[in-house]
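Chemist: My questions all concern the structure below.
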Amino acid sequence: MKQEPNAPATPRLIVMLAHERAEILDITGPLSVFSAANTLHLQAGGTESPYRILIAGETGNAAVHTASGIRLLTDAAWTQCSGIDTLLVAGGPVAEHAPQALVDWLREAAPQARRVGSICTGAFILARAGLLEGRRATTHWLKVEQLRAFSPNIEVQADALHVKDGSVYTSAGVTAGIDLALALLEEDFGRDLALNVARVLVLYLKRPGGQSQFSTALLAQFHEGGSLAPTIQWLRENHHRPLRNEDMAEHAAMSPRNFARVFKRETGSTPAHFIEGIRLEAAVKRLEESTQALETTARECGFQSGEHFRLAFARRFGITPGQYRDRFRSGAWR
């Protein structure tokens, strides 16, 4: 493998702030991305790791009891950290009640770092430090309304996996922290290294930040016992066919108007938006696994035309299908 470009003269310092009852995946998930990047870069012939990683707590060389019961040993105290490139804050079930000492230190330290980010409910710690005022942000979907209530000056984006606003980054629930770390890695060293790391970690895909926190399959699971469960499963099995609202309503044995109302209530989505999501998920899988023409992918996934497919894909993911395929298939780990 060729050496990755733009390696810094000295490693960039990544500091992960850990606190009592932090979610362990909020810590280990993102840090695994940066650690894998170090390994790949050195294997490619680099002489210096791109990143130096520290877990910081209230005191150094001390155990932090995570929400899972696993204890992590900190590398340093918060107050001992300087020269920080990327400052990340883990979430957890009681993150909104994290120690005030952490919040106070974060408020002072954040302007000295190149960028600051939170994983999951770590957004509440950023908010308490005043770092999200007047910014766009996201957090775990269960905590969205609570974050909105915390400050009306935060523009909370409920459905995003991760959000960048200036030098401040926030991410959604737990594993979305890995997506955020991959995005930060891509910013630093390009998409090839980020995709190679995703492959090493055996991730399904490197998801764009604007992708929904929910897949249509997960939404369907939420409503397995609902009145529309059979119809939702039918939609998943027949997404490649032309489907009108009347067809879906007929399958559900409802009038079109009542069907639209019940569907919105049970899924939080319109039928058209939901079926588009199913088709886009099917298209993503084909883009990753095949080299078939985009027009063929569009037709076989149920889109009216290649142009309709491209517009829907760009609206949902922020890039075109061709760009997505290039990103996913560029580079290979050996």
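Identifiers for the structure tokens are assigned positionally: chains receive A, B, ... in sequence, residues are indexed from 1 per chain, and ligands are indexed from 1 in the order shown.
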Can you pull out every residue within 10 Å of Leu54 (chain A), counting only C-alpha atoms, but drop anything in the same chain fewer than 6 positions away, and send it as a list in words?
Modeler: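 Counting only the stated atoms, we get Leu13, Ile14, Val15, Met16, Leu17, Leu31, Thr74, Asp75, Ala76, Ala77, Cys81, Ile84 and Leu87 of chain A.
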Chemist: Let's have the selection written as an mmCIF file, in the first residue's frame, with C-alpha atoms.
Modeler:
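Printed below is selection.cif as written:
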```
data_model
loop_
_atom_site.group_PDB
_atom_site.id
_atom_site.type_symbol
_atom_site.label_atom_id
_atom_site.label_comp_id
_atom_site.auth_asym_id
_atom_site.auth_seq_id
_atom_site.Cartn_x
_atom_site.Cartn_y
_atom_site.Cartn_z
ATOM 1 C CA LEU A 13 -3.159 14.981 19.841
ATOM 2 C CA ILE A 14 -6.635 13.449 20.263
ATOM 3 C CA VAL A 15 -7.994 13.871 23.799
ATOM 4 C CA MET A 16 -11.116 11.947 24.813
ATOM 5 C CA LEU A 17 -12.762 13.277 27.959
ATOM 6 C CA LEU A 31 -10.513 6.007 19.396
ATOM 7 C CA THR A 74 -7.105 7.426 32.327
ATOM 8 C CA ASP A 75 -3.830 8.589 30.795
ATOM 9 C CA ALA A 76 -3.909 12.088 32.245
ATOM 10 C CA ALA A 77 -5.996 14.603 34.131
ATOM 11 C CA CYS A 81 -3.668 18.303 28.683
ATOM 12 C CA ILE A 84 -4.764 19.533 21.859
ATOM 13 C CA LEU A 87 -10.974 17.425 21.894
#
```
Chemist: Name all residues at most 9 Å from Thr175 (chain A) (count only C-alpha atoms; drop same-chain ones fewer than 4 positions away) and give them as an NGL selection string.
Modeler: :A and (25-26 or 29-30 or 119-120 or 179)
Chemist: Would you export the selected residues with N, CA and C atoms as a PDB file, in the first residue's frame, please?
Modeler:
```pdb
ATOM      1  N   LEU A  25     -18.603   2.639  24.597  1.00  0.00           N
ATOM      2  CA  LEU A  25     -18.486   2.675  23.143  1.00  0.00           C
ATOM      3  C   LEU A  25     -18.286   4.095  22.619  1.00  0.00           C
ATOM      4  N   ASP A  26     -18.778   5.081  23.357  1.00  0.00           N
ATOM      5  CA  ASP A  26     -18.525   6.474  22.979  1.00  0.00           C
ATOM      6  C   ASP A  26     -17.028   6.778  23.025  1.00  0.00           C
ATOM      7  N   GLY A  29     -15.061   3.417  20.555  1.00  0.00           N
ATOM      8  CA  GLY A  29     -15.397   3.402  19.129  1.00  0.00           C
ATOM      9  C   GLY A  29     -14.600   4.415  18.327  1.00  0.00           C
ATOM     10  N   PRO A  30     -14.719   5.710  18.637  1.00  0.00           N
ATOM     11  CA  PRO A  30     -13.947   6.716  17.902  1.00  0.00           C
ATOM     12  C   PRO A  30     -12.438   6.520  18.027  1.00  0.00           C
ATOM     13  N   ILE A 119     -19.771  12.884  21.391  1.00  0.00           N
ATOM     14  CA  ILE A 119     -20.375  11.638  20.969  1.00  0.00           C
ATOM     15  C   ILE A 119     -21.656  11.463  21.760  1.00  0.00           C
ATOM     16  N   CYS A 120     -22.747  11.235  21.045  1.00  0.00           N
ATOM     17  CA  CYS A 120     -24.040  10.948  21.655  1.00  0.00           C
ATOM     18  C   CYS A 120     -24.438  12.070  22.627  1.00  0.00           C
ATOM     19  N   ASP A 179     -18.750   7.006  13.033  1.00  0.00           N
ATOM     20  CA  ASP A 179     -18.943   7.744  11.787  1.00  0.00           C
ATOM     21  C   ASP A 179     -18.308   9.125  11.870  1.00  0.00           C
TER      22      ASP A 179
END
```
Chemist: With distances taken over only C-alpha atoms, which of A:Ile70, A:Ala44, A:Val89, A:Leu228 is nearest to Arg265 (chain A)?
Modeler: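 Residue with the minimum atom-to-atom distance to Arg265 (chain A): A:Leu228.
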Chemist: Within 7 Å of region 309-313 of chain A, counting only C-alpha atoms, which residues qualify if same-chain residues fewer than 6 places away don't, as number ranges by chain?
Modeler: A: 280, 298, 303, 320-321
Chemist: Tell me, as a list in words, which residues lie within 7 Å of Gly302 (chain A), counting only C-alpha atoms; anything in the same chain fewer than 5 positions away does not count.
Modeler: His239, His240, Arg241, Pro242 and Arg279 of chain A
Chemist: Could you write out, as a PyMOL selection string, all the residues of region 127-168 of chain A that DSSP marks as strand (DSSP E or B)?
Modeler: chain A and resi 136-137+155-156+160+162-165+168
Chemist: Taking the DSSP secondary structure from the backbone, can you list the residues of region 80-182 of chain A that are helix (DSSP H, G or I), as an MDAnalysis selection string?
Modeler: chainID A and resid 80 95:97 100:112 122:128 141:150 176:182
Chemist: Next, the residues of the selection above should be written as a short mmCIF file (atom, residue, chain, number, x, y, z; two decimals), in the first residue's frame with N, CA and C atoms.
Modeler:
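The file below, part38.cif, is the result:
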```cif
data_model
loop_
_atom_site.label_atom_id
_atom_site.label_comp_id
_atom_site.auth_asym_id
_atom_site.auth_seq_id
_atom_site.Cartn_x
_atom_site.Cartn_y
_atom_site.Cartn_z
N GLN A 80 -4.03 18.52 32.81
CA GLN A 80 -2.67 18.26 32.34
C GLN A 80 -2.55 18.29 30.83
N ALA A 95 -24.87 12.04 31.29
CA ALA A 95 -23.92 13.04 30.79
C ALA A 95 -24.36 14.47 31.12
N GLU A 96 -25.68 14.71 31.13
CA GLU A 96 -26.13 16.06 31.43
C GLU A 96 -25.81 16.48 32.85
N HIS A 97 -25.41 15.51 33.69
CA HIS A 97 -25.04 15.81 35.08
C HIS A 97 -23.54 15.56 35.32
N GLN A 100 -19.22 19.54 37.22
CA GLN A 100 -19.09 20.94 36.81
C GLN A 100 -17.64 21.29 36.53
N ALA A 101 -16.72 20.63 37.23
CA ALA A 101 -15.29 20.89 36.99
C ALA A 101 -14.92 20.55 35.55
N LEU A 102 -15.51 19.48 35.00
CA LEU A 102 -15.27 19.12 33.61
C LEU A 102 -15.81 20.20 32.68
N VAL A 103 -17.03 20.65 32.95
CA VAL A 103 -17.66 21.69 32.12
C VAL A 103 -16.82 22.97 32.14
N ASP A 104 -16.38 23.37 33.32
CA ASP A 104 -15.60 24.60 33.44
C ASP A 104 -14.28 24.50 32.69
N TRP A 105 -13.60 23.36 32.83
CA TRP A 105 -12.33 23.18 32.12
C TRP A 105 -12.56 23.17 30.61
N LEU A 106 -13.61 22.51 30.17
CA LEU A 106 -13.91 22.42 28.74
C LEU A 106 -14.17 23.81 28.16
N ARG A 107 -14.88 24.64 28.89
CA ARG A 107 -15.17 25.99 28.42
C ARG A 107 -13.88 26.77 28.17
N GLU A 108 -12.88 26.57 29.03
CA GLU A 108 -11.61 27.28 28.88
C GLU A 108 -10.71 26.64 27.83
N ALA A 109 -10.76 25.31 27.73
CA ALA A 109 -9.82 24.59 26.85
C ALA A 109 -10.27 24.55 25.40
N ALA A 110 -11.58 24.55 25.17
CA ALA A 110 -12.09 24.36 23.81
C ALA A 110 -11.53 25.38 22.81
N PRO A 111 -11.46 26.67 23.14
CA PRO A 111 -10.95 27.63 22.14
C PRO A 111 -9.49 27.39 21.76
N GLN A 112 -8.76 26.63 22.58
CA GLN A 112 -7.34 26.37 22.28
C GLN A 112 -7.17 25.18 21.35
N GLY A 122 -22.88 13.37 24.91
CA GLY A 122 -21.81 14.31 25.22
C GLY A 122 -22.17 15.72 24.77
N ALA A 123 -23.15 15.83 23.86
CA ALA A 123 -23.61 17.15 23.42
C ALA A 123 -24.10 17.99 24.59
N PHE A 124 -24.64 17.36 25.63
CA PHE A 124 -25.12 18.12 26.79
C PHE A 124 -23.95 18.77 27.53
N ILE A 125 -22.80 18.11 27.53
CA ILE A 125 -21.64 18.69 28.19
C ILE A 125 -21.14 19.89 27.38
N LEU A 126 -21.13 19.76 26.03
CA LEU A 126 -20.79 20.91 25.20
C LEU A 126 -21.78 22.05 25.42
N ALA A 127 -23.07 21.69 25.52
CA ALA A 127 -24.09 22.72 25.71
C ALA A 127 -23.91 23.43 27.04
N ARG A 128 -23.62 22.68 28.09
CA ARG A 128 -23.41 23.30 29.41
C ARG A 128 -22.21 24.23 29.41
N TRP A 141 -31.31 10.24 19.46
CA TRP A 141 -32.71 10.60 19.15
C TRP A 141 -33.59 10.65 20.39
N LEU A 142 -33.27 9.84 21.41
CA LEU A 142 -34.08 9.85 22.61
C LEU A 142 -33.92 11.16 23.41
N LYS A 143 -32.84 11.89 23.16
CA LYS A 143 -32.53 13.08 23.95
C LYS A 143 -32.71 14.38 23.16
N VAL A 144 -33.23 14.27 21.94
CA VAL A 144 -33.34 15.45 21.08
C VAL A 144 -34.19 16.54 21.74
N GLU A 145 -35.37 16.19 22.22
CA GLU A 145 -36.26 17.20 22.79
C GLU A 145 -35.67 17.79 24.07
N GLN A 146 -34.96 16.97 24.83
CA GLN A 146 -34.32 17.48 26.04
C GLN A 146 -33.23 18.49 25.70
N LEU A 147 -32.47 18.23 24.64
CA LEU A 147 -31.44 19.18 24.23
C LEU A 147 -32.08 20.47 23.72
N ARG A 148 -33.18 20.36 23.00
CA ARG A 148 -33.89 21.56 22.54
C ARG A 148 -34.39 22.38 23.71
N ALA A 149 -34.89 21.68 24.75
CA ALA A 149 -35.39 22.38 25.92
C ALA A 149 -34.26 23.04 26.71
N PHE A 150 -33.06 22.46 26.62
CA PHE A 150 -31.93 23.02 27.36
C PHE A 150 -31.61 24.42 26.89
N ALA A 176 -22.64 6.18 16.15
CA ALA A 176 -22.45 7.32 15.25
C ALA A 176 -21.15 8.06 15.58
N GLY A 177 -20.61 7.84 16.78
CA GLY A 177 -19.31 8.41 17.10
C GLY A 177 -18.21 7.86 16.20
N ILE A 178 -18.37 6.61 15.75
CA ILE A 178 -17.42 6.03 14.81
C ILE A 178 -17.53 6.73 13.47
N ASP A 179 -18.75 7.01 13.03
CA ASP A 179 -18.94 7.74 11.79
C ASP A 179 -18.31 9.13 11.87
N LEU A 180 -18.47 9.78 13.02
CA LEU A 180 -17.86 11.10 13.20
C LEU A 180 -16.34 10.99 13.13
N ALA A 181 -15.77 10.00 13.81
CA ALA A 181 -14.31 9.84 13.79
C ALA A 181 -13.81 9.59 12.37
N LEU A 182 -14.53 8.80 11.59
CA LEU A 182 -14.15 8.56 10.20
C LEU A 182 -14.20 9.86 9.39
#
```
Chemist: Excluding region 258-260 of chain A and any residue of its chain fewer than 6 positions from it, enumerate the residues within 10 Å of it, using only C-alpha atoms, and give them as a list of chain:residue names.
Modeler: A:Leu228, A:Asn245, A:Glu246, A:Met248, A:Ala249, A:Glu250, A:His251, A:Ala252, A:Ser269, A:Thr270, A:Pro271, A:Ala272
Chemist: Hey, which of A:Arg21, A:Arg136, A:Arg115, A:Arg12 ends up closest to Ala158 (chain A)? Count only C-alpha atoms.
Modeler: A:Arg136
Chemist: Given only C-alpha atoms as the basis, pick out the residue of A:Ser82, A:Gln43, A:Thr121, A:Thr59 nearest to Glu23 (chain A).
Modeler: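 Answer, going by the shortest atom-to-atom distance: A:Thr121.
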